[in-house]
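Note: the block below is data_18.cif and it holds mmCIF, C-alpha atoms and all ligand atoms.
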data_protein
loop_
_atom_site.label_atom_id
_atom_site.label_comp_id
_atom_site.auth_asym_id
_atom_site.auth_seq_id
_atom_site.Cartn_x
_atom_site.Cartn_y
_atom_site.Cartn_z
CA MET A 212 6.25 -75.91 32.60
CA ASN A 213 5.58 -73.59 35.50
CA ILE A 214 5.31 -70.03 34.18
CA ARG A 215 5.70 -67.20 36.68
CA LYS A 216 5.44 -63.43 36.36
CA GLY A 217 8.19 -60.96 37.19
CA ILE A 218 9.49 -57.48 36.52
CA VAL A 219 12.96 -56.72 35.16
CA THR A 220 14.86 -54.65 37.73
CA ARG A 221 18.41 -54.68 36.37
CA PHE A 222 20.75 -55.64 33.56
CA HIS A 223 24.09 -57.37 33.52
CA SER A 224 25.90 -58.20 30.30
CA ASN A 225 23.78 -61.13 29.18
CA THR A 226 21.73 -61.89 32.25
CA LEU A 227 19.13 -59.81 33.93
CA GLU A 228 17.74 -59.48 37.38
CA LEU A 229 14.05 -59.76 37.93
CA MET A 230 11.74 -59.72 40.88
CA ASP A 231 8.97 -62.28 41.14
CA LEU A 232 5.71 -60.34 41.30
CA GLU A 233 4.07 -62.73 43.75
CA ASN A 234 6.72 -63.45 46.35
CA GLY A 235 9.18 -60.58 45.77
CA GLU A 236 12.09 -62.97 45.29
CA LYS A 237 15.10 -61.59 43.38
CA ILE A 238 16.17 -63.89 40.55
CA THR A 239 18.93 -63.83 37.97
CA ALA A 240 17.54 -64.99 34.63
CA PHE A 241 18.83 -65.76 31.16
CA LEU A 242 17.33 -64.77 27.86
CA ARG A 243 16.21 -67.53 25.57
CA GLY A 244 18.02 -67.65 22.24
CA LYS A 245 14.82 -66.81 20.36
CA PHE A 246 14.92 -63.24 21.70
CA LYS A 247 18.45 -62.70 20.44
CA LEU A 248 17.52 -64.07 17.03
CA GLN A 249 14.55 -61.72 16.89
CA LYS A 250 16.73 -58.89 18.24
CA ILE A 251 14.31 -58.31 21.08
CA THR A 252 15.83 -57.05 24.30
CA PRO A 253 13.83 -56.72 27.45
CA ILE A 254 14.52 -53.54 29.37
CA VAL A 255 14.22 -52.46 32.97
CA GLY A 256 10.57 -52.11 33.94
CA ASP A 257 9.38 -54.82 31.54
CA TYR A 258 6.85 -57.24 32.90
CA ILE A 259 7.92 -60.71 31.83
CA GLU A 260 6.99 -64.38 32.15
CA TYR A 261 9.73 -66.74 33.20
CA SER A 262 10.24 -70.41 33.90
CA ILE A 263 12.68 -72.34 36.05
CA GLU A 264 14.30 -75.49 34.68
CA ASN A 265 17.20 -77.25 36.42
CA ASN A 266 17.57 -74.31 38.79
CA THR A 267 17.97 -71.87 35.90
CA ALA A 268 15.49 -69.07 35.31
CA LYS A 269 14.71 -68.26 31.70
CA ILE A 270 12.67 -65.44 30.24
CA GLU A 271 9.82 -66.88 28.19
CA ASN A 272 7.80 -63.81 27.20
CA ILE A 273 8.02 -60.07 27.39
CA LEU A 274 4.56 -58.63 28.03
CA PRO A 275 3.36 -55.61 26.01
CA ARG A 276 4.76 -52.29 27.22
CA LYS A 277 2.50 -49.48 28.39
CA ASN A 278 5.20 -46.94 27.50
CA LEU A 279 8.95 -46.53 27.07
CA LEU A 280 11.09 -43.69 28.39
CA TYR A 281 14.51 -43.08 26.89
CA ARG A 282 16.24 -41.10 29.61
CA PRO A 283 16.58 -43.20 31.68
CA LYS A 284 15.66 -46.15 29.49
CA ILE A 285 12.79 -47.77 31.33
CA ALA A 286 9.45 -49.32 30.48
CA ASN A 287 6.02 -49.11 32.07
CA VAL A 288 6.59 -45.96 34.10
CA ASP A 289 3.36 -44.91 35.82
CA GLN A 290 4.32 -41.47 37.03
CA THR A 291 6.95 -38.85 37.67
CA ILE A 292 7.53 -37.29 41.04
CA LEU A 293 8.71 -33.80 40.14
CA VAL A 294 10.76 -32.59 43.07
CA THR A 295 11.57 -28.94 43.40
CA CYS A 296 12.48 -26.35 45.99
CA LEU A 297 12.44 -22.58 45.61
CA LYS A 298 15.57 -21.67 47.56
CA SER A 299 19.01 -23.22 47.90
CA PRO A 300 19.23 -23.84 45.02
CA LYS A 301 16.96 -21.14 43.61
CA VAL A 302 14.54 -22.74 41.16
CA ASP A 303 12.29 -20.50 39.09
CA TYR A 304 8.83 -21.29 37.80
CA LEU A 305 10.12 -21.36 34.22
CA THR A 306 12.36 -24.32 35.06
CA ILE A 307 9.49 -26.11 36.78
CA ASP A 308 7.27 -25.54 33.74
CA LYS A 309 9.96 -26.94 31.45
CA PHE A 310 10.06 -30.12 33.51
CA LEU A 311 6.27 -30.30 33.36
CA ILE A 312 6.41 -30.06 29.57
CA GLN A 313 8.60 -33.16 29.51
CA VAL A 314 6.23 -34.97 31.82
CA GLU A 315 3.20 -34.09 29.69
CA LYS A 316 5.01 -34.88 26.46
CA ASN A 317 5.63 -38.38 27.78
CA ASN A 318 2.03 -38.63 28.86
CA LEU A 319 2.90 -39.43 32.46
CA ASP A 320 0.99 -38.72 35.63
CA CYS A 321 2.80 -36.24 37.81
CA ILE A 322 2.97 -35.39 41.47
CA ILE A 323 4.81 -32.22 42.42
CA VAL A 324 6.81 -32.28 45.64
CA LEU A 325 7.83 -28.88 46.98
CA ASN A 326 10.78 -29.76 49.21
CA LYS A 327 12.77 -27.58 51.63
CA VAL A 328 9.63 -25.88 52.95
CA ASP A 329 11.67 -25.28 56.11
CA LEU A 330 13.39 -22.47 54.17
CA LEU A 331 10.17 -20.81 52.98
CA GLU A 332 7.80 -18.14 54.27
CA LYS A 333 4.08 -18.89 54.36
CA ASN A 334 3.33 -16.54 51.46
CA GLU A 335 5.98 -18.20 49.25
CA ILE A 336 4.32 -21.55 49.81
CA LYS A 337 0.90 -20.03 49.16
CA ASN A 338 2.02 -18.52 45.83
CA PHE A 339 3.36 -21.88 44.75
CA LEU A 340 0.17 -23.69 45.72
CA ASP A 341 -1.98 -21.08 43.96
CA ILE A 342 -0.18 -21.82 40.69
CA TYR A 343 0.33 -25.57 40.78
CA SER A 344 -2.22 -27.20 43.07
CA PRO A 345 -5.14 -26.64 40.62
CA LEU A 346 -3.05 -28.54 38.02
CA TYR A 347 -1.29 -31.38 39.83
CA PRO A 348 -1.30 -32.96 43.28
CA VAL A 349 1.26 -31.02 45.35
CA VAL A 350 2.94 -32.38 48.46
CA LEU A 351 4.88 -30.04 50.77
CA THR A 352 7.93 -31.61 52.36
CA SER A 353 11.13 -31.06 54.21
CA ALA A 354 13.45 -34.04 54.03
CA LYS A 355 15.63 -32.29 56.58
CA LYS A 356 12.87 -31.68 59.15
CA ASN A 357 10.98 -34.87 58.28
CA ILE A 358 7.84 -33.00 57.20
CA GLY A 359 5.33 -34.42 54.74
CA ILE A 360 7.21 -37.66 54.05
CA GLU A 361 4.23 -39.87 54.96
CA LYS A 362 2.05 -37.96 52.48
CA ILE A 363 4.20 -39.03 49.51
CA LYS A 364 4.04 -42.74 50.27
CA PRO A 365 0.44 -43.41 49.14
CA TYR A 366 1.31 -41.96 45.71
CA LEU A 367 4.31 -44.29 45.35
CA LYS A 368 2.68 -47.47 46.58
CA ASN A 369 2.48 -50.23 43.96
CA LYS A 370 3.50 -47.94 41.10
CA ILE A 371 6.65 -47.53 39.00
CA SER A 372 7.90 -43.97 39.55
CA THR A 373 10.76 -41.84 38.37
CA PHE A 374 12.00 -38.85 40.33
CA ALA A 375 12.83 -35.72 38.36
CA GLY A 376 14.00 -32.25 39.29
CA MET A 377 17.02 -30.01 39.27
CA SER A 378 20.25 -31.05 40.93
CA GLY A 379 20.30 -30.29 44.65
CA VAL A 380 16.54 -29.99 45.25
CA GLY A 381 16.66 -33.03 47.55
CA LYS A 382 15.61 -36.05 45.48
CA SER A 383 18.05 -38.45 47.18
CA SER A 384 17.35 -37.00 50.62
CA LEU A 385 13.61 -37.52 50.09
CA LEU A 386 14.03 -41.09 48.87
CA ASN A 387 16.18 -41.89 51.88
CA ALA A 388 13.59 -40.36 54.20
CA ILE A 389 10.77 -42.26 52.46
CA ASN A 390 12.56 -45.60 52.61
CA PRO A 391 15.74 -45.62 54.69
CA GLY A 392 18.28 -48.04 53.30
CA LEU A 393 17.08 -47.74 49.71
CA LYS A 394 20.24 -48.20 47.69
CA LEU A 395 20.96 -45.08 45.65
CA LYS A 396 23.82 -44.65 43.30
CA VAL A 397 23.82 -40.90 43.78
CA GLY A 398 27.33 -40.12 42.58
CA GLU A 399 26.87 -42.06 39.35
CA ILE A 400 23.71 -40.20 38.48
CA SER A 401 25.12 -36.93 37.27
CA GLU A 402 28.01 -38.67 35.54
CA LYS A 403 25.60 -40.80 33.56
CA SER A 404 23.35 -37.97 32.48
CA GLN A 405 26.25 -35.88 31.21
CA ARG A 406 27.29 -38.47 28.66
CA GLY A 407 26.54 -37.96 24.98
CA LYS A 408 22.88 -37.71 24.20
CA HIS A 409 22.85 -40.85 22.09
CA THR A 410 24.13 -43.04 24.89
CA THR A 411 21.33 -45.05 26.33
CA THR A 412 21.91 -45.61 29.99
CA TYR A 413 20.36 -48.43 31.89
CA THR A 414 18.87 -47.78 35.19
CA GLU A 415 17.95 -50.00 38.09
CA LEU A 416 14.56 -50.31 39.74
CA LEU A 417 14.62 -50.13 43.53
CA LYS A 418 11.76 -51.59 45.53
CA PHE A 419 10.06 -49.68 48.32
CA ASP A 420 9.42 -51.74 51.47
CA PHE A 421 5.75 -50.69 51.28
CA GLY A 422 5.39 -51.78 47.62
CA GLY A 423 6.22 -50.06 44.36
CA PHE A 424 9.39 -49.28 42.47
CA VAL A 425 11.50 -46.22 41.78
CA ALA A 426 14.20 -45.76 39.15
CA ASP A 427 17.63 -45.03 40.64
CA THR A 428 18.39 -42.40 37.99
CA PRO A 429 16.41 -39.17 37.71
CA GLY A 430 14.24 -38.67 34.66
CA PHE A 431 14.57 -35.94 32.04
CA ALA A 432 18.15 -35.00 32.85
CA ALA A 433 18.55 -32.88 29.72
CA PHE A 434 15.97 -30.54 28.32
CA ASP A 435 14.87 -31.31 24.82
CA VAL A 436 11.78 -29.16 24.75
CA TYR A 437 12.71 -27.87 21.32
CA LYS A 438 12.15 -31.02 19.39
CA PHE A 439 8.63 -30.05 18.46
CA LYS A 440 6.87 -27.21 16.69
CA PRO A 441 5.78 -24.12 18.68
CA ASP A 442 2.09 -24.76 18.07
CA GLU A 443 2.41 -28.14 19.78
CA LEU A 444 3.51 -26.49 23.03
CA GLN A 445 -0.02 -25.70 24.24
CA ASN A 446 -0.73 -29.43 24.54
CA TYR A 447 1.83 -29.66 27.34
CA PHE A 448 0.25 -26.91 29.47
CA VAL A 449 -2.72 -28.79 30.89
CA GLU A 450 -4.84 -25.72 31.63
CA LEU A 451 -4.19 -24.15 28.21
CA LYS A 452 -5.20 -27.35 26.50
CA GLU A 453 -8.38 -27.42 28.54
CA HIS A 454 -9.41 -23.86 27.65
CA SER A 455 -8.21 -23.90 24.03
CA ILE A 456 -11.24 -25.84 22.82
CA TYR A 457 -13.30 -22.68 23.36
CA CYS A 458 -11.03 -20.43 21.26
CA GLY A 459 -12.51 -18.81 18.13
CA PHE A 460 -9.93 -20.34 15.85
CA ASN A 461 -9.08 -24.02 15.74
CA ASP A 462 -5.40 -23.29 15.29
CA CYS A 463 -5.25 -20.58 17.94
CA VAL A 464 -1.88 -20.41 19.68
CA HIS A 465 -3.23 -17.89 22.22
CA ILE A 466 -0.92 -15.01 21.42
CA ASN A 467 -2.46 -12.47 19.01
CA GLU A 468 -5.67 -14.13 17.94
CA PRO A 469 -9.07 -12.56 18.68
CA HIS A 470 -11.72 -14.57 20.58
CA CYS A 471 -9.05 -16.45 22.49
CA ALA A 472 -10.48 -18.34 25.46
CA VAL A 473 -7.02 -18.79 26.96
CA LYS A 474 -6.28 -15.06 27.07
CA GLU A 475 -9.74 -14.47 28.55
CA ALA A 476 -9.05 -17.08 31.22
CA VAL A 477 -5.77 -15.34 32.08
CA GLU A 478 -7.60 -12.03 32.43
CA ASN A 479 -10.21 -13.66 34.70
CA ASN A 480 -7.48 -15.27 36.82
CA GLU A 481 -8.62 -18.73 35.83
CA ILE A 482 -5.20 -19.38 34.31
CA SER A 483 -2.12 -18.26 36.22
CA GLU A 484 -0.47 -15.28 34.59
CA ILE A 485 2.95 -16.66 35.52
CA ARG A 486 2.22 -19.91 33.69
CA TYR A 487 0.88 -18.01 30.66
CA ARG A 488 3.99 -15.81 30.54
CA ASN A 489 6.19 -18.90 30.72
CA TYR A 490 4.17 -20.37 27.85
CA LEU A 491 4.94 -17.26 25.77
CA LYS A 492 8.63 -17.37 26.71
CA ILE A 493 9.03 -21.02 25.80
CA TYR A 494 6.95 -20.51 22.63
CA ASN A 495 9.42 -17.81 21.53
CA GLU A 496 12.40 -19.96 22.46
CA ILE A 497 11.10 -22.80 20.34
CA GLU A 498 10.37 -20.45 17.44
CA GLU A 499 13.90 -18.99 17.61
CA PHE A 500 15.39 -22.46 17.81
CA THR A 501 13.38 -23.69 14.83
CA LYS A 502 14.48 -20.68 12.76
CA LYS A 503 18.13 -21.20 13.65
CA THR A 504 18.18 -24.89 12.76
CA ARG A 505 16.34 -24.18 9.51
CA ARG A 506 18.92 -21.53 8.53
CA LYS A 507 21.73 -23.96 9.27
CA ARG A 508 20.22 -26.60 7.05
CA TRP A 509 20.12 -24.21 4.08
CA LYS A 510 23.75 -23.14 4.38
N1 LIG B 1 17.08 -27.05 54.25
C1 LIG B 1 16.86 -28.22 53.65
N2 LIG B 1 17.86 -28.84 53.01
C2 LIG B 1 17.61 -30.02 52.39
C3 LIG B 1 16.32 -30.60 52.39
N3 LIG B 1 16.37 -31.75 51.66
C4 LIG B 1 17.64 -31.87 51.23
N4 LIG B 1 18.41 -30.84 51.66
C5 LIG B 1 19.84 -30.61 51.37
O1 LIG B 1 19.98 -30.28 50.00
C6 LIG B 1 21.22 -30.80 49.50
C7 LIG B 1 20.97 -31.61 48.22
O2 LIG B 1 20.19 -32.75 48.53
P1 LIG B 1 20.20 -34.09 47.61
O3 LIG B 1 19.25 -35.03 48.23
O4 LIG B 1 21.59 -34.54 47.39
O5 LIG B 1 19.64 -33.47 46.25
P2 LIG B 1 19.40 -34.24 44.84
O6 LIG B 1 18.18 -33.64 44.24
O7 LIG B 1 19.39 -35.71 45.04
O8 LIG B 1 20.68 -33.78 44.02
P3 LIG B 1 21.35 -34.51 42.73
O9 LIG B 1 21.84 -35.85 43.20
O10 LIG B 1 22.48 -33.57 42.38
O11 LIG B 1 20.33 -34.58 41.65
C8 LIG B 1 21.83 -31.62 50.62
O12 LIG B 1 22.82 -30.85 51.24
C9 LIG B 1 20.65 -31.88 51.56
O13 LIG B 1 21.08 -32.04 52.89
C10 LIG B 1 15.27 -29.92 53.09
O14 LIG B 1 14.12 -30.34 53.15
N5 LIG B 1 15.61 -28.73 53.69
ZN ZN B 2 -6.61 -19.14 22.08
#
structure tokens encoding of this file:
Amino acid sequence: MNIRKGIVTRFHSNTLELMDLENGEKITAFLRGKFKLQKITPIVGDYIEYSIENNTAKIENILPRKNLLYRPKIANVDQTILVTCLKSPKVDYLTIDKFLIQVEKNNLDCIIVLNKVDLLEKNEIKNFLDIYSPLYPVVLTSAKKNIGIEKIKPYLKNKISTFAGMSGVGKSSLLNAINPGLKLKVGEISEKSQRGKHTTTYTELLKFDFGGFVADTPGFAAFDVYKFKPDELQNYFVELKEHSIYCGFNDCVHINEPHCAVKEAVENNEISEIRYRNYLKIYNEIEEFTKKTRRKRWK
């Protein structure tokens, strides 16, 4: 039997679409009965082995997953491209930091794209770069003026990416500029993400002409930053995590403790004060939220 390797790009009711990893051919394949018996379902992004018998492609094996995202449901994601702008719509740093928490919580690599630079003054761009470029790669773009598009491509090449970011920041415009003709179900996106939180929605992987895949639905549509304890938050601020090992107390949360290396780093401008203030804000939000849900449970 000739076994070939592919990646699942889409689901139908009981068939799935895959792309052969060697020749890029799109193939409709069936699941072998053994998977149904074992209640194993491959999902979009899964690397699989398949065979062809009598002109019918059948999935033989699902290869181990590197990771699994739930919104959208997709396996083996390498990275998130966090797209933001600062104006039209106005996006504040707190919102950006909340997205970054999701990215870090899912242990994904992240590239930040600051789009709509055509609307910004030099000093606005500089302030943004001062905060984020020490933490993540930042690419400056304007989908409208075709600025910076070529700089994103090397990051996307031969990887599986999801795009994330607030509505209206220009995710679809950027993808169309990066790869004209890429099929995007834009209208369906917001509809899907507004459904109940227990609905798992399937996404489709789209292939870039230059190699690599992108999910057609944006990642992290809803914020669920509150599903962890406040003292866990510091792990999702990369620079806090880095400095926290030098704090006097092992369980330092960098608020009122003495000998806090994080607070020192903020004072020495090694950690952005804006990021630190957002940390405190989100810490308090989580604490409030935890208290509220606890009270409810006791009633
Ligand atoms: N000035 C300016 N406008 C842009 C730029 N990129 C996109 N836009 C405009 O911003 C608006 C929103 O762009 P979309 O690409 O639909 O944004 P999106 O992030 O995909 O939005 P959702 O689908 O709601 O998540 C459109 O009117 C675009 O024309 C840019 O670089 N500069
Ligand atoms: Zn500390």
Give as an MDAnalysis selection string each residue that has an atom at most 10 Å from (17.0, -24.0, 43.5) in the file, counting only C-alpha atoms. chainID A and resid 295:303 306 327 376:381
Restricting the calculation to all atoms listed in the file, which member of A:Leu274, A:Cys458, A:Ile254, A:Val219 is positioned closest to Ile238 in chain A?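 Result for the nearest residue to Ile238 in chain A: A:Val219.
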Quick one, how far is CA of Glu475 in chain A from CA of Leu451 in chain A? 11.2 Å
Quick one: pull the distance between CA of Ile270 in chain A and CA of Leu232 in chain A, Å, one decimal.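 The value is 14.0 Å.
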Give me the residues within 10 Å of range 358-372 of chain A as number ranges by chain, counting all atoms listed in the file and dropping any in the same chain fewer than 4 places off. A: 256, 285-292, 319-329, 348-354, 385-386, 388-390, 416-427, 429-430
Would you mind exporting the chosen residues as a CSV table (one decimal), in the frame of the given file, restricted to C-alpha atoms?
chain,number,residue,atom,x,y,z
A,256,GLY,CA,10.6,-52.1,33.9
A,285,ILE,CA,12.8,-47.8,31.3
A,286,ALA,CA,9.4,-49.3,30.5
A,287,ASN,CA,6.0,-49.1,32.1
A,288,VAL,CA,6.6,-46.0,34.1
A,289,ASP,CA,3.4,-44.9,35.8
A,290,GLN,CA,4.3,-41.5,37.0
A,291,THR,CA,7.0,-38.8,37.7
A,292,ILE,CA,7.5,-37.3,41.0
A,319,LEU,CA,2.9,-39.4,32.5
A,320,ASP,CA,1.0,-38.7,35.6
A,321,CYS,CA,2.8,-36.2,37.8
A,322,ILE,CA,3.0,-35.4,41.5
A,323,ILE,CA,4.8,-32.2,42.4
A,324,VAL,CA,6.8,-32.3,45.6
A,325,LEU,CA,7.8,-28.9,47.0
A,326,ASN,CA,10.8,-29.8,49.2
A,327,LYS,CA,12.8,-27.6,51.6
A,328,VAL,CA,9.6,-25.9,53.0
A,329,ASP,CA,11.7,-25.3,56.1
A,348,PRO,CA,-1.3,-33.0,43.3
A,349,VAL,CA,1.3,-31.0,45.4
A,350,VAL,CA,2.9,-32.4,48.5
A,351,LEU,CA,4.9,-30.0,50.8
A,352,THR,CA,7.9,-31.6,52.4
A,353,SER,CA,11.1,-31.1,54.2
A,354,ALA,CA,13.4,-34.0,54.0
A,385,LEU,CA,13.6,-37.5,50.1
A,386,LEU,CA,14.0,-41.1,48.9
A,388,ALA,CA,13.6,-40.4,54.2
A,389,ILE,CA,10.8,-42.3,52.5
A,390,ASN,CA,12.6,-45.6,52.6
A,416,LEU,CA,14.6,-50.3,39.7
A,417,LEU,CA,14.6,-50.1,43.5
A,418,LYS,CA,11.8,-51.6,45.5
A,419,PHE,CA,10.1,-49.7,48.3
A,420,ASP,CA,9.4,-51.7,51.5
A,421,PHE,CA,5.8,-50.7,51.3
A,422,GLY,CA,5.4,-51.8,47.6
A,423,GLY,CA,6.2,-50.1,44.4
A,424,PHE,CA,9.4,-49.3,42.5
A,425,VAL,CA,11.5,-46.2,41.8
A,426,ALA,CA,14.2,-45.8,39.2
A,427,ASP,CA,17.6,-45.0,40.6
A,429,PRO,CA,16.4,-39.2,37.7
A,430,GLY,CA,14.2,-38.7,34.7
